[in-house]
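Written below as structure tokens is the structure these notes are about.
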Amino acid sequence: MKKSGILLSIMLFAVATMAQGYQVGDKVKDFRLLNVDGNYVSMADYPDAKGFIIIFSCNHCPFVVAYEDRMIELHNRFAPQGFPVIAINPNDTIAEPRDSFTNMQIRAREKGFPFPYVIDADQTVYPRFGATHTPHVFLVKRDGEDLRVAYIGAIDDNHRDANAVEDRFLANAIAAVQRGEKPDPAVTRAIGCTIKTRN
Amino acid sequence: MAKLLSIFIGVNIFFLTAQLTFADDKNQLTVINFDEFEPWLYKETDSIYIINFWATWCAPCVKEIPYFEKLYENYNDQKVKVLFVSLDFPAQIESRVIPFIQRMNMQAQVILLDDTRANRWIPRVDENWTGAIPATLVYNNEFRQFYQREFNYEELEEIIIPLLK
């Protein structure tokens with residue numbers, strides 16, 4: 001009985017952990033996070049934006065590295081259309097020193113990120129979103145006064161080879177939002193590096 | 001003398017071959033796509049299957065590998081099967097994955113899942129998996145649970161002991 005109780009609590013914990021965070025359609029709360037340029041960034045700083053491509057990202061994860069150039073392309077293509085990229089590093093920098101703020105600044109400079117690369121220093125923003133790994137994308141759209149989640153998941157369907165991509169999930173989702181439609185699929189999956197916390 | 005020499009050479013060839021065979025096993029890694037892998041998720045058996053998704057570049061995965069190995073060591077005679085499914089890049093098999101398996105002296109079976117269409121196959125492992133690793137599936141004929149989390153040894157034992165009959 002005791003053992004099945006433990007088992008049950010582990011299962012309930014697992015289910016609860018997975019169910020946290022924004023679902024598609026949920027209202028998004030703004031954040032104020034430090035950018036690599038030393039300034040704080042909030043979504044409220046972009047009054048003209050029609051939405052945001054929020055990408056939970058980092059330095060150390062090979063899946064992120066595989067997508068960095070595509071993140072730059074996405075920003076360059078969609079920021080002029082009102083959907084800028086904001087990359088958020090959710091990792092604890094003690095648990096993962098390669099994702100320290102200094103290393104973020106170095107990486108942003110090396111790659112010439114045209115978008116903000118901010119740090120979720122107290123790790124309060126990523127749980128709100130329900131981000132679990134990097135890269136993990138949340139497409140946010142403006143809905144009157146509100147911001148709402150329109151799409152959650154992957155940038156596209158091939159992390160390894162940008163030229164072999166068949167489904168551009170995120171770009172298609174943005175196009176759907178621009179047409180006033182609901183993205184389909186609205187949720188996709190991709191392998192990524194789990195978000196690092198201090199135990 | 002000639003006979004002795006030929007025996008000597010023969011014995012040497014035997015040892016050399018044995019060594020090469022051994023080396024081959026340690027230097028190879030089975031690489032499969034998801035369709036080939038999927039039967040592993042539904043074995044009809046009285047064994048307990050513990051399938052761990054990991055990668056050499058995933059620090060929390062690397063940290064928990066010894067716990068899965070210990071579980072395998074302590075329970076494989078009680079029908080507990082451990083399978084490590086590497087999600088490393090196939091281009092790094094020789095340079096990174098095989099050296100890692102050797103360095104960690106991993107005894108449980110390791111395969112590499114080479115399938116880029118993750119959005120297609122992740123939900124086929126478990127509907128609740130967002131894609132973060134480490135992740136582990138534990139099942140037998142009566143139990144099936146997917147865990148998107150890290151484990152220590154005690155936590156793994158707590159899951160499998162009630163399943164041991």
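Quick note on naming: the chains in the structure tokens go A, B, ... in the order shown, residues restart at 1 in each chain, and ligands are numbered from 1 in order of appearance.
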Need to verify the contact set: Ala108 in chain A, 10 Å, only C-alpha atoms, exclusion of same-chain residues closer than 6 positions in sequence. Can you return it as a list in words?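 Skipping anything fewer than 6 positions along the chain leaves Val36, Asp37, Asn59, Thr102, Pro114, Phe115, Pro116 and Tyr117 of chain A.
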Would you mind listing, for every residue of chain B within 9 Å of chain A, the two atoms forming the shortest contact and the distance between them in Å to one decimal, using only C-alpha atoms, sorted by chain and ascending residue number, as CSV?
```
residue,atom,partner,partner_atom,distance
B:Trp57,CA,A:Pro62,CA,7.4
B:Cys58,CA,A:Cys193,CA,6.5
B:Ala59,CA,A:Cys193,CA,8.9
B:Pro60,CA,A:Thr194,CA,8.2
B:Leu87,CA,A:Ile191,CA,8.4
B:Phe89,CA,A:Arg160,CA,8.0
B:Thr116,CA,A:Asn158,CA,5.4
B:Arg117,CA,A:Asp157,CA,5.6
B:Ala118,CA,A:Ala190,CA,5.3
B:Asn119,CA,A:Arg189,CA,4.5
B:Arg120,CA,A:Arg189,CA,7.9
B:Trp121,CA,A:Arg189,CA,8.8
B:Ile122,CA,A:Arg189,CA,6.6
B:Pro123,CA,A:Arg189,CA,7.8
B:Asn128,CA,A:Met18,CA,6.8
B:Trp129,CA,A:Met18,CA,7.9
B:Thr130,CA,A:Arg189,CA,5.7
B:Gly131,CA,A:Ile191,CA,4.2
B:Ala132,CA,A:Thr194,CA,4.9
B:Ile133,CA,A:Thr194,CA,5.6
B:Pro134,CA,A:Thr194,CA,7.2
B:Gln145,CA,A:Met11,CA,7.6
B:Phe146,CA,A:Ala14,CA,8.3
B:Tyr147,CA,A:Ala14,CA,6.4
B:Gln148,CA,A:Ala14,CA,7.2
B:Arg149,CA,A:Ala14,CA,7.9
B:Glu155,CA,A:Ile10,CA,8.9
B:Glu158,CA,A:Leu7,CA,7.1
B:Ile159,CA,A:Leu7,CA,6.2
B:Ile161,CA,A:Lys3,CA,8.4
B:Pro162,CA,A:Lys3,CA,6.6
```
Restricting the output to C-alpha atoms, write the selected residues as a PDB file, in the first residue's frame.
```pdb
ATOM      1  CA  TRP B  57      25.416  16.310 -24.739  1.00  0.00           C
ATOM      2  CA  CYS B  58      22.584  16.190 -22.186  1.00  0.00           C
ATOM      3  CA  ALA B  59      24.188  16.741 -18.776  1.00  0.00           C
ATOM      4  CA  PRO B  60      21.246  15.511 -16.648  1.00  0.00           C
ATOM      5  CA  LEU B  87      19.325  10.874 -29.596  1.00  0.00           C
ATOM      6  CA  PHE B  89      23.579  13.244 -33.995  1.00  0.00           C
ATOM      7  CA  THR B 116      14.580  13.782 -37.620  1.00  0.00           C
ATOM      8  CA  ARG B 117      10.768  13.889 -37.857  1.00  0.00           C
ATOM      9  CA  ALA B 118      10.448  14.243 -34.114  1.00  0.00           C
ATOM     10  CA  ASN B 119       7.004  15.844 -34.249  1.00  0.00           C
ATOM     11  CA  ARG B 120       5.753  12.657 -35.842  1.00  0.00           C
ATOM     12  CA  TRP B 121       7.348  10.177 -33.455  1.00  0.00           C
ATOM     13  CA  ILE B 122       7.472  11.946 -30.053  1.00  0.00           C
ATOM     14  CA  PRO B 123       3.695  11.568 -29.488  1.00  0.00           C
ATOM     15  CA  ASN B 128       2.500  14.062 -22.945  1.00  0.00           C
ATOM     16  CA  TRP B 129       6.164  14.165 -23.953  1.00  0.00           C
ATOM     17  CA  THR B 130       7.135  17.700 -24.989  1.00  0.00           C
ATOM     18  CA  GLY B 131      10.508  16.506 -26.267  1.00  0.00           C
ATOM     19  CA  ALA B 132      12.738  17.384 -23.322  1.00  0.00           C
ATOM     20  CA  ILE B 133      15.352  14.818 -22.351  1.00  0.00           C
ATOM     21  CA  PRO B 134      16.068  12.944 -20.156  1.00  0.00           C
ATOM     22  CA  GLN B 145       4.194   5.170 -17.345  1.00  0.00           C
ATOM     23  CA  PHE B 146       6.191   7.847 -19.114  1.00  0.00           C
ATOM     24  CA  TYR B 147       8.423  10.201 -17.140  1.00  0.00           C
ATOM     25  CA  GLN B 148       9.772  13.479 -18.508  1.00  0.00           C
ATOM     26  CA  ARG B 149      12.199  14.025 -15.665  1.00  0.00           C
ATOM     27  CA  GLU B 155      13.431   6.744  -7.342  1.00  0.00           C
ATOM     28  CA  GLU B 158      10.581   2.741  -6.089  1.00  0.00           C
ATOM     29  CA  ILE B 159       9.007   2.393  -9.509  1.00  0.00           C
ATOM     30  CA  ILE B 161       9.984  -2.901  -6.997  1.00  0.00           C
ATOM     31  CA  PRO B 162       6.155  -2.923  -6.924  1.00  0.00           C
TER      32      PRO B 162
END
```
Considering only alpha helix (DSSP H) as DSSP defines it on the backbone, what residues of range 27-160 of chain B qualify? List them as a PyMOL selection string. chain B and resi 27+34-37+59-75+98-104+118-125+153-160
Could those residues be written to a file, using C-alpha atoms, as a PDB file, in the first residue's frame?
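So selection.pdb came out as:
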```pdb
ATOM      1  CA  ASN B  27      32.830  -0.249 -31.613  1.00  0.00           C
ATOM      2  CA  PHE B  34      11.403   5.245 -35.419  1.00  0.00           C
ATOM      3  CA  ASP B  35       9.445   2.626 -37.356  1.00  0.00           C
ATOM      4  CA  GLU B  36      12.184   0.124 -36.590  1.00  0.00           C
ATOM      5  CA  PHE B  37      12.293   1.251 -32.967  1.00  0.00           C
ATOM      6  CA  ALA B  59      24.188  16.741 -18.776  1.00  0.00           C
ATOM      7  CA  PRO B  60      21.246  15.511 -16.648  1.00  0.00           C
ATOM      8  CA  CYS B  61      21.029  12.402 -18.859  1.00  0.00           C
ATOM      9  CA  VAL B  62      24.702  11.662 -18.352  1.00  0.00           C
ATOM     10  CA  LYS B  63      24.250  12.124 -14.618  1.00  0.00           C
ATOM     11  CA  GLU B  64      21.501   9.515 -14.341  1.00  0.00           C
ATOM     12  CA  ILE B  65      23.072   6.855 -16.606  1.00  0.00           C
ATOM     13  CA  PRO B  66      24.921   5.177 -13.702  1.00  0.00           C
ATOM     14  CA  TYR B  67      21.605   4.800 -11.842  1.00  0.00           C
ATOM     15  CA  PHE B  68      20.034   2.985 -14.786  1.00  0.00           C
ATOM     16  CA  GLU B  69      23.178   0.873 -15.119  1.00  0.00           C
ATOM     17  CA  LYS B  70      23.005  -0.013 -11.429  1.00  0.00           C
ATOM     18  CA  LEU B  71      19.354  -0.938 -11.825  1.00  0.00           C
ATOM     19  CA  TYR B  72      20.274  -3.168 -14.751  1.00  0.00           C
ATOM     20  CA  GLU B  73      23.089  -4.742 -12.765  1.00  0.00           C
ATOM     21  CA  ASN B  74      20.905  -5.413  -9.719  1.00  0.00           C
ATOM     22  CA  TYR B  75      17.716  -6.543 -11.439  1.00  0.00           C
ATOM     23  CA  ILE B  98      30.913   5.136 -28.993  1.00  0.00           C
ATOM     24  CA  PRO B  99      33.820   6.600 -26.979  1.00  0.00           C
ATOM     25  CA  PHE B 100      31.272   7.714 -24.380  1.00  0.00           C
ATOM     26  CA  ILE B 101      29.675   4.238 -24.132  1.00  0.00           C
ATOM     27  CA  GLN B 102      33.145   2.734 -23.700  1.00  0.00           C
ATOM     28  CA  ARG B 103      34.262   5.311 -21.148  1.00  0.00           C
ATOM     29  CA  MET B 104      31.095   4.826 -19.062  1.00  0.00           C
ATOM     30  CA  ALA B 118      10.448  14.243 -34.114  1.00  0.00           C
ATOM     31  CA  ASN B 119       7.004  15.844 -34.249  1.00  0.00           C
ATOM     32  CA  ARG B 120       5.753  12.657 -35.842  1.00  0.00           C
ATOM     33  CA  TRP B 121       7.348  10.177 -33.455  1.00  0.00           C
ATOM     34  CA  ILE B 122       7.472  11.946 -30.053  1.00  0.00           C
ATOM     35  CA  PRO B 123       3.695  11.568 -29.488  1.00  0.00           C
ATOM     36  CA  ARG B 124       3.979   7.914 -30.509  1.00  0.00           C
ATOM     37  CA  VAL B 125       6.279   7.367 -27.514  1.00  0.00           C
ATOM     38  CA  TYR B 153      18.638   5.313  -8.138  1.00  0.00           C
ATOM     39  CA  GLU B 154      16.177   5.197  -5.241  1.00  0.00           C
ATOM     40  CA  GLU B 155      13.431   6.744  -7.342  1.00  0.00           C
ATOM     41  CA  LEU B 156      13.957   4.144 -10.057  1.00  0.00           C
ATOM     42  CA  GLU B 157      13.810   1.325  -7.530  1.00  0.00           C
ATOM     43  CA  GLU B 158      10.581   2.741  -6.089  1.00  0.00           C
ATOM     44  CA  ILE B 159       9.007   2.393  -9.509  1.00  0.00           C
ATOM     45  CA  ILE B 160      10.157  -1.098 -10.367  1.00  0.00           C
TER      46      ILE B 160
END
```
If DSSP is run on the backbone, what residues of range 1-153 of chain B are strand (DSSP E or B)? A reply as a PyMOL selection string would be ideal. chain B and resi 30-32+48-54+80-86+109-113+132-133+135-139+144-147
Report as number ranges by chain all protein, DNA and RNA residues lying within 8 Å of Leu29 in chain B, evaluated on only C-alpha atoms, omitting residues in the same chain fewer than 4 positions from it. B: 93, 98, 110-112
If you keep C-alpha atoms, can you produce a file of those selected residues as a short mmCIF file (atom, residue, chain, number, x, y, z; two decimals), in the first residue's frame?
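Result written to part_22.cif:
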```
data_model
loop_
_atom_site.label_atom_id
_atom_site.label_comp_id
_atom_site.auth_asym_id
_atom_site.auth_seq_id
_atom_site.Cartn_x
_atom_site.Cartn_y
_atom_site.Cartn_z
CA ILE B 93 28.68 8.24 -33.46
CA ILE B 98 30.91 5.14 -28.99
CA VAL B 110 22.32 1.06 -26.36
CA ILE B 111 20.79 2.00 -29.68
CA LEU B 112 20.77 5.28 -31.58
#
```
So which residues touch Asp114 in chain B within 7 Å, counting only C-alpha atoms, skipping near sequence neighbours fewer than 4 positions away, as a list in words? Val31, Ile32, Asn33 and Pro90 of chain B
Store the residues picked out above, limited to C-alpha atoms, as an mmCIF file, in the first residue's frame.
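Now in result-v9.cif:
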```cif
data_model
loop_
_atom_site.group_PDB
_atom_site.id
_atom_site.type_symbol
_atom_site.label_atom_id
_atom_site.label_comp_id
_atom_site.auth_asym_id
_atom_site.auth_seq_id
_atom_site.Cartn_x
_atom_site.Cartn_y
_atom_site.Cartn_z
ATOM 1 C CA VAL B 31 21.206 2.868 -35.609
ATOM 2 C CA ILE B 32 17.483 2.658 -36.354
ATOM 3 C CA ASN B 33 14.625 4.916 -37.392
ATOM 4 C CA PRO B 90 24.579 10.286 -36.222
#
```
